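J.: I am sharing input.txt, which consists of compact mmCIF, N, CA and C atoms:
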```
# COMPACT_ATOMS: atom_id res chain seq x y z
N MET A 1 -17.33 3.49 -6.63
CA MET A 1 -16.09 3.45 -5.89
C MET A 1 -15.89 4.82 -5.22
N ASP A 2 -15.65 4.82 -3.92
CA ASP A 2 -15.45 6.09 -3.23
C ASP A 2 -13.98 6.54 -3.36
N GLU A 3 -13.69 7.74 -2.85
CA GLU A 3 -12.35 8.32 -2.99
C GLU A 3 -11.25 7.46 -2.37
N LEU A 4 -11.51 6.91 -1.20
CA LEU A 4 -10.48 6.13 -0.52
C LEU A 4 -10.25 4.79 -1.22
N GLU A 5 -11.31 4.16 -1.69
CA GLU A 5 -11.14 2.92 -2.45
C GLU A 5 -10.37 3.21 -3.74
N ALA A 6 -10.66 4.34 -4.37
CA ALA A 6 -9.94 4.73 -5.59
C ALA A 6 -8.46 4.97 -5.28
N ALA A 7 -8.15 5.56 -4.13
CA ALA A 7 -6.76 5.79 -3.74
C ALA A 7 -6.05 4.46 -3.50
N GLU A 8 -6.70 3.54 -2.79
CA GLU A 8 -6.11 2.21 -2.55
C GLU A 8 -5.86 1.50 -3.88
N GLN A 9 -6.84 1.55 -4.77
CA GLN A 9 -6.74 0.92 -6.08
C GLN A 9 -5.60 1.56 -6.89
N GLY A 10 -5.53 2.88 -6.86
CA GLY A 10 -4.50 3.59 -7.60
C GLY A 10 -3.10 3.25 -7.12
N LEU A 11 -2.93 3.14 -5.81
CA LEU A 11 -1.63 2.78 -5.25
C LEU A 11 -1.22 1.38 -5.70
N LEU A 12 -2.14 0.42 -5.62
CA LEU A 12 -1.81 -0.94 -6.07
C LEU A 12 -1.56 -0.99 -7.57
N ASN A 13 -2.30 -0.20 -8.34
CA ASN A 13 -2.04 -0.14 -9.80
C ASN A 13 -0.61 0.36 -10.07
N ALA A 14 -0.18 1.40 -9.33
CA ALA A 14 1.17 1.93 -9.50
C ALA A 14 2.21 0.89 -9.09
N LEU A 15 1.94 0.14 -8.01
CA LEU A 15 2.84 -0.94 -7.61
C LEU A 15 2.90 -2.01 -8.69
N GLN A 16 1.77 -2.32 -9.29
CA GLN A 16 1.73 -3.34 -10.34
C GLN A 16 2.53 -2.88 -11.57
N ARG A 17 2.48 -1.60 -11.88
CA ARG A 17 3.24 -1.07 -13.02
C ARG A 17 4.73 -0.95 -12.69
N GLY A 18 5.08 -1.07 -11.40
CA GLY A 18 6.47 -0.86 -11.00
C GLY A 18 6.90 0.58 -11.20
N ASP A 19 5.99 1.51 -10.91
CA ASP A 19 6.16 2.93 -11.21
C ASP A 19 6.44 3.72 -9.92
N PRO A 20 7.72 3.93 -9.57
CA PRO A 20 8.02 4.62 -8.32
C PRO A 20 7.45 6.03 -8.24
N THR A 21 7.42 6.75 -9.36
CA THR A 21 6.85 8.10 -9.36
C THR A 21 5.35 8.02 -9.10
N GLY A 22 4.68 7.05 -9.73
CA GLY A 22 3.25 6.85 -9.50
C GLY A 22 2.95 6.45 -8.08
N ILE A 23 3.77 5.58 -7.50
CA ILE A 23 3.60 5.17 -6.10
C ILE A 23 3.77 6.38 -5.19
N ALA A 24 4.86 7.13 -5.41
CA ALA A 24 5.17 8.30 -4.58
C ALA A 24 4.04 9.32 -4.59
N ALA A 25 3.30 9.41 -5.69
CA ALA A 25 2.20 10.39 -5.79
C ALA A 25 1.09 10.11 -4.79
N PHE A 26 1.03 8.89 -4.27
CA PHE A 26 0.00 8.53 -3.29
C PHE A 26 0.48 8.65 -1.85
N LEU A 27 1.77 8.98 -1.65
CA LEU A 27 2.36 8.98 -0.32
C LEU A 27 2.67 10.38 0.18
N ARG A 28 2.39 10.62 1.46
CA ARG A 28 2.84 11.86 2.09
C ARG A 28 4.36 11.84 2.18
N ASP A 29 4.96 13.01 2.27
CA ASP A 29 6.42 13.08 2.41
C ASP A 29 6.88 12.40 3.69
N ASP A 30 6.05 12.43 4.74
CA ASP A 30 6.40 11.81 6.01
C ASP A 30 5.82 10.39 6.16
N PHE A 31 5.49 9.75 5.03
CA PHE A 31 4.96 8.39 5.02
C PHE A 31 5.85 7.44 5.82
N LEU A 32 5.20 6.50 6.50
CA LEU A 32 5.91 5.49 7.28
C LEU A 32 5.24 4.14 7.05
N VAL A 33 6.03 3.13 6.70
CA VAL A 33 5.51 1.77 6.58
C VAL A 33 6.10 0.98 7.74
N THR A 34 5.23 0.33 8.51
CA THR A 34 5.70 -0.37 9.71
C THR A 34 6.07 -1.81 9.43
N THR A 35 5.61 -2.35 8.30
CA THR A 35 5.99 -3.72 7.92
C THR A 35 6.10 -3.75 6.40
N ALA A 36 7.19 -4.29 5.93
CA ALA A 36 7.35 -4.43 4.48
C ALA A 36 7.95 -5.79 4.16
N GLY A 37 7.87 -6.73 5.07
CA GLY A 37 8.35 -8.08 4.82
C GLY A 37 9.86 -8.18 4.83
N TRP A 38 10.52 -7.51 3.94
CA TRP A 38 11.97 -7.61 3.80
C TRP A 38 12.71 -6.55 4.61
N LEU A 39 12.01 -5.62 5.22
CA LEU A 39 12.66 -4.58 6.02
C LEU A 39 12.42 -4.87 7.50
N PRO A 40 13.48 -4.86 8.30
CA PRO A 40 13.35 -5.28 9.70
C PRO A 40 12.71 -4.25 10.62
N GLU A 41 12.58 -3.01 10.15
CA GLU A 41 12.03 -1.96 11.02
C GLU A 41 11.23 -0.97 10.19
N PRO A 42 10.44 -0.13 10.85
CA PRO A 42 9.69 0.89 10.10
C PRO A 42 10.62 1.80 9.31
N VAL A 43 10.18 2.17 8.10
CA VAL A 43 10.98 3.06 7.25
C VAL A 43 10.07 4.11 6.62
N GLY A 44 10.71 5.16 6.14
CA GLY A 44 10.01 6.25 5.48
C GLY A 44 9.87 6.03 3.98
N LYS A 45 9.34 7.04 3.36
CA LYS A 45 8.98 7.01 1.94
C LYS A 45 10.16 6.64 1.04
N GLU A 46 11.26 7.36 1.13
CA GLU A 46 12.38 7.15 0.22
C GLU A 46 13.00 5.76 0.38
N VAL A 47 13.17 5.31 1.62
CA VAL A 47 13.76 3.99 1.84
C VAL A 47 12.83 2.90 1.30
N TRP A 48 11.52 3.03 1.56
CA TRP A 48 10.57 2.02 1.09
C TRP A 48 10.55 1.98 -0.44
N LEU A 49 10.46 3.15 -1.07
CA LEU A 49 10.45 3.18 -2.53
C LEU A 49 11.73 2.57 -3.10
N GLY A 50 12.87 2.91 -2.51
CA GLY A 50 14.13 2.35 -2.97
C GLY A 50 14.21 0.84 -2.78
N SER A 51 13.57 0.33 -1.73
CA SER A 51 13.63 -1.10 -1.45
C SER A 51 12.76 -1.91 -2.41
N LEU A 52 11.80 -1.27 -3.06
CA LEU A 52 10.91 -1.97 -3.98
C LEU A 52 11.57 -2.32 -5.30
N ALA A 53 12.51 -1.48 -5.72
CA ALA A 53 13.12 -1.61 -7.05
C ALA A 53 13.76 -2.97 -7.24
N GLY A 54 13.26 -3.72 -8.23
CA GLY A 54 13.82 -5.00 -8.59
C GLY A 54 13.53 -6.14 -7.62
N ARG A 55 12.87 -5.85 -6.53
CA ARG A 55 12.61 -6.86 -5.50
C ARG A 55 11.29 -7.59 -5.73
N MET A 56 10.29 -6.85 -6.22
CA MET A 56 8.95 -7.41 -6.28
C MET A 56 8.26 -7.00 -7.57
N THR A 57 7.52 -7.94 -8.15
CA THR A 57 6.59 -7.61 -9.22
C THR A 57 5.22 -8.06 -8.78
N LEU A 58 4.24 -7.25 -9.02
CA LEU A 58 2.85 -7.56 -8.68
C LEU A 58 2.12 -7.80 -9.99
N GLU A 59 1.76 -9.05 -10.24
CA GLU A 59 1.13 -9.40 -11.51
C GLU A 59 -0.39 -9.32 -11.46
N ARG A 60 -0.96 -9.64 -10.30
CA ARG A 60 -2.41 -9.63 -10.17
C ARG A 60 -2.76 -9.31 -8.72
N PHE A 61 -3.86 -8.58 -8.55
CA PHE A 61 -4.35 -8.33 -7.20
C PHE A 61 -5.85 -8.14 -7.22
N ASP A 62 -6.46 -8.51 -6.13
CA ASP A 62 -7.86 -8.20 -5.85
C ASP A 62 -7.87 -7.35 -4.60
N LEU A 63 -8.76 -6.39 -4.56
CA LEU A 63 -8.82 -5.45 -3.45
C LEU A 63 -10.21 -5.49 -2.84
N ARG A 64 -10.26 -5.55 -1.52
CA ARG A 64 -11.55 -5.50 -0.83
C ARG A 64 -11.40 -4.60 0.38
N ILE A 65 -12.21 -3.56 0.43
CA ILE A 65 -12.23 -2.67 1.59
C ILE A 65 -13.05 -3.35 2.68
N LEU A 66 -12.44 -3.58 3.83
CA LEU A 66 -13.13 -4.24 4.94
C LEU A 66 -13.87 -3.23 5.82
N ALA A 67 -13.26 -2.08 6.05
CA ALA A 67 -13.88 -1.05 6.88
C ALA A 67 -13.16 0.27 6.66
N THR A 68 -13.88 1.35 6.83
CA THR A 68 -13.32 2.70 6.75
C THR A 68 -13.87 3.51 7.90
N ARG A 69 -12.99 4.24 8.56
CA ARG A 69 -13.39 5.17 9.61
C ARG A 69 -12.74 6.50 9.29
N THR A 70 -13.55 7.55 9.22
CA THR A 70 -13.04 8.88 8.89
C THR A 70 -13.24 9.80 10.08
N TYR A 71 -12.18 10.54 10.40
CA TYR A 71 -12.16 11.47 11.52
C TYR A 71 -11.65 12.80 10.98
N GLY A 72 -12.56 13.61 10.48
CA GLY A 72 -12.16 14.88 9.88
C GLY A 72 -11.36 14.64 8.62
N ASN A 73 -10.11 15.07 8.62
CA ASN A 73 -9.24 14.93 7.45
C ASN A 73 -8.37 13.68 7.48
N VAL A 74 -8.67 12.76 8.40
CA VAL A 74 -7.91 11.52 8.52
C VAL A 74 -8.86 10.34 8.40
N SER A 75 -8.46 9.34 7.61
CA SER A 75 -9.25 8.12 7.48
C SER A 75 -8.36 6.91 7.70
N VAL A 76 -8.91 5.93 8.39
CA VAL A 76 -8.26 4.64 8.58
C VAL A 76 -9.02 3.65 7.72
N VAL A 77 -8.29 2.96 6.84
CA VAL A 77 -8.92 2.02 5.92
C VAL A 77 -8.32 0.64 6.16
N LEU A 78 -9.19 -0.33 6.42
CA LEU A 78 -8.76 -1.72 6.57
C LEU A 78 -9.03 -2.41 5.25
N VAL A 79 -7.98 -3.01 4.68
CA VAL A 79 -8.01 -3.56 3.33
C VAL A 79 -7.59 -5.02 3.35
N GLU A 80 -8.22 -5.81 2.49
CA GLU A 80 -7.74 -7.16 2.22
C GLU A 80 -7.39 -7.21 0.74
N SER A 81 -6.20 -7.75 0.45
CA SER A 81 -5.75 -7.80 -0.95
C SER A 81 -5.09 -9.14 -1.22
N ALA A 82 -5.69 -9.91 -2.13
CA ALA A 82 -5.08 -11.15 -2.61
C ALA A 82 -4.16 -10.78 -3.75
N GLN A 83 -2.90 -11.23 -3.68
CA GLN A 83 -1.90 -10.81 -4.65
C GLN A 83 -1.11 -11.99 -5.18
N GLU A 84 -0.69 -11.87 -6.44
CA GLU A 84 0.21 -12.84 -7.06
C GLU A 84 1.29 -12.07 -7.77
N GLY A 85 2.49 -12.61 -7.75
CA GLY A 85 3.61 -11.97 -8.43
C GLY A 85 4.89 -12.71 -8.14
N THR A 86 5.99 -11.96 -8.13
CA THR A 86 7.27 -12.53 -7.76
C THR A 86 7.91 -11.66 -6.69
N HIS A 87 8.64 -12.29 -5.81
CA HIS A 87 9.41 -11.60 -4.78
C HIS A 87 10.81 -12.17 -4.81
N GLU A 88 11.77 -11.32 -5.12
CA GLU A 88 13.16 -11.74 -5.26
C GLU A 88 13.28 -12.92 -6.22
N GLY A 89 12.51 -12.85 -7.33
CA GLY A 89 12.58 -13.84 -8.39
C GLY A 89 11.77 -15.10 -8.18
N ARG A 90 11.13 -15.24 -7.02
CA ARG A 90 10.32 -16.43 -6.73
C ARG A 90 8.84 -16.07 -6.76
N PRO A 91 8.01 -16.94 -7.36
CA PRO A 91 6.57 -16.66 -7.40
C PRO A 91 5.98 -16.66 -5.98
N PHE A 92 4.99 -15.81 -5.80
CA PHE A 92 4.24 -15.83 -4.55
C PHE A 92 2.76 -15.62 -4.84
N ALA A 93 1.94 -16.13 -3.97
CA ALA A 93 0.49 -15.88 -3.97
C ALA A 93 0.10 -15.79 -2.51
N MET A 94 -0.41 -14.63 -2.11
CA MET A 94 -0.69 -14.41 -0.70
C MET A 94 -1.79 -13.37 -0.54
N THR A 95 -2.50 -13.47 0.55
CA THR A 95 -3.51 -12.47 0.89
C THR A 95 -2.97 -11.65 2.05
N PHE A 96 -3.06 -10.33 1.90
CA PHE A 96 -2.56 -9.40 2.90
C PHE A 96 -3.70 -8.61 3.52
N HIS A 97 -3.51 -8.20 4.75
CA HIS A 97 -4.36 -7.21 5.39
C HIS A 97 -3.53 -5.96 5.57
N TYR A 98 -4.09 -4.82 5.17
CA TYR A 98 -3.45 -3.54 5.36
C TYR A 98 -4.29 -2.69 6.29
N THR A 99 -3.63 -1.98 7.17
CA THR A 99 -4.25 -0.89 7.91
C THR A 99 -3.57 0.36 7.40
N ASP A 100 -4.31 1.15 6.65
CA ASP A 100 -3.76 2.35 6.02
C ASP A 100 -4.36 3.60 6.64
N VAL A 101 -3.52 4.57 6.91
CA VAL A 101 -3.96 5.86 7.43
C VAL A 101 -3.76 6.90 6.33
N TRP A 102 -4.88 7.44 5.86
CA TRP A 102 -4.88 8.43 4.78
C TRP A 102 -5.20 9.81 5.36
N VAL A 103 -4.57 10.84 4.81
CA VAL A 103 -4.81 12.22 5.23
C VAL A 103 -5.27 13.00 4.00
N ARG A 104 -6.38 13.73 4.18
CA ARG A 104 -6.87 14.55 3.06
C ARG A 104 -5.87 15.66 2.78
N ASP A 105 -5.53 15.80 1.50
CA ASP A 105 -4.57 16.80 1.06
C ASP A 105 -5.20 17.52 -0.12
N GLY A 106 -5.73 18.70 0.11
CA GLY A 106 -6.43 19.41 -0.95
C GLY A 106 -7.68 18.64 -1.33
N ASP A 107 -7.76 18.24 -2.60
CA ASP A 107 -8.94 17.53 -3.09
C ASP A 107 -8.80 16.02 -3.00
N GLY A 108 -7.64 15.51 -2.58
CA GLY A 108 -7.42 14.06 -2.59
C GLY A 108 -6.92 13.56 -1.25
N TRP A 109 -6.42 12.33 -1.27
CA TRP A 109 -5.94 11.66 -0.07
C TRP A 109 -4.51 11.18 -0.31
N LEU A 110 -3.67 11.31 0.72
CA LEU A 110 -2.30 10.80 0.67
C LEU A 110 -2.10 9.83 1.82
N LEU A 111 -1.38 8.76 1.56
CA LEU A 111 -1.14 7.73 2.56
C LEU A 111 -0.05 8.19 3.51
N ALA A 112 -0.37 8.18 4.81
CA ALA A 112 0.56 8.63 5.85
C ALA A 112 1.27 7.44 6.50
N ALA A 113 0.56 6.33 6.69
CA ALA A 113 1.15 5.18 7.37
C ALA A 113 0.47 3.91 6.90
N ARG A 114 1.26 2.83 6.84
CA ARG A 114 0.73 1.53 6.44
C ARG A 114 1.30 0.44 7.33
N HIS A 115 0.44 -0.44 7.75
CA HIS A 115 0.85 -1.66 8.43
C HIS A 115 0.27 -2.82 7.62
N ALA A 116 1.12 -3.76 7.27
CA ALA A 116 0.67 -4.92 6.48
C ALA A 116 0.97 -6.19 7.24
N SER A 117 0.09 -7.18 7.06
CA SER A 117 0.34 -8.51 7.62
C SER A 117 -0.30 -9.53 6.70
N GLY A 118 0.20 -10.74 6.78
CA GLY A 118 -0.41 -11.83 6.03
C GLY A 118 -1.75 -12.18 6.66
N ALA A 119 -2.75 -12.38 5.83
CA ALA A 119 -4.07 -12.76 6.32
C ALA A 119 -4.04 -14.23 6.74
N PRO A 120 -4.74 -14.57 7.81
CA PRO A 120 -4.79 -15.98 8.20
C PRO A 120 -5.42 -16.83 7.10
N SER A 121 -4.92 -18.06 6.94
CA SER A 121 -5.50 -18.92 5.90
C SER A 121 -6.65 -19.73 6.43
```
Write the structure described by the file as structure tokens, please.
T.:
Amino acid sequence: MDELEAAEQGLLNALQRGDPTGIAAFLRDDFLVTTAGWLPEPVGKEVWLGSLAGRMTLERFDLRILATRTYGNVSVVLVESAQEGTHEGRPFAMTFHYTDVWVRDGDGWLLAARHASGAPS
């Protein structure tokens, strides 16, 4: 597993644990999510983290890296993730595509921007 796959895996593990501090550790301070399903517009780190609380549980996920492109200290990672859990108390099972922009920060990577969409069935 390479560094970026480990970062993607670590972020989803923190989401699965429902651990806002663990999630935040993977995000840049200027993080921006352009789609979050329940949010009508792009939001930053604090708003996104606050919106997760009590809204979603992630019980199971599979992660597949579709492509990675690295440009110096910036990498774009295309991810497919099949997920099961609950959203606002209702079960869900869905496959998502993420386009994640990671920036090297010291020895690791921090997520700068994420765009998510439902994968075609």
J.: May I have the residues within 8 Å of Phe61 of chain A as a count of residues only, using all atoms listed in the file and disregarding those fewer than 4 positions away in the same chain?
T.: 7
J.: Work out how far apart atom N of Ala93 of chain A and atom N of Thr34 of chain A are and give it in Å to one decimal.
T.: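 Interatomic distance here is 20.9 Å.
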J.: For atom C of Thr95 of chain A and atom CA of Leu63 of chain A, determine how far apart the two atoms are, in Å to one decimal place.
T.: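 Value for the atom C of Thr95 of chain A-atom CA of Leu63 of chain A distance: 10.1 Å.
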J.: Can you list every residue in chain A that DSSP puts in alpha helix (DSSP H), as a PyMOL selection string?
T.: chain A and resi 3-17+20-24+45-52
J.: Excluding segment 100-110 of chain A and any residue of its chain fewer than 3 positions from it, enumerate the residues within 9 Å of it, using only C-alpha atoms, and give them as number ranges by chain.
T.: A: 3-4, 7-8, 25-28, 31, 72-79, 113-116
J.: One decimal, in Å: what's the spacing between atom C of Pro91 of chain A and atom C of Ala67 of chain A?
T.: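 That distance, rounded to one decimal, is 28.5 Å.
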J.: Please give the complete set of residues from segment 4-114 of chain A that DSSP, run on the backbone, assigns to strand (DSSP E or B), formatted as number ranges by chain.
T.: A: 27-33, 43-44, 56-71, 74-87, 90-105, 108-114
J.: What's around Trp48 of chain A at 9 Å? Count only C-alpha atoms, leave out sequence neighbours fewer than 5 positions away in its own chain, and write the answer as a list in words.
T.: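 Skipping anything fewer than 5 positions along the chain leaves Leu32, Val33, Ala36, Leu39 and Val43 of chain A.
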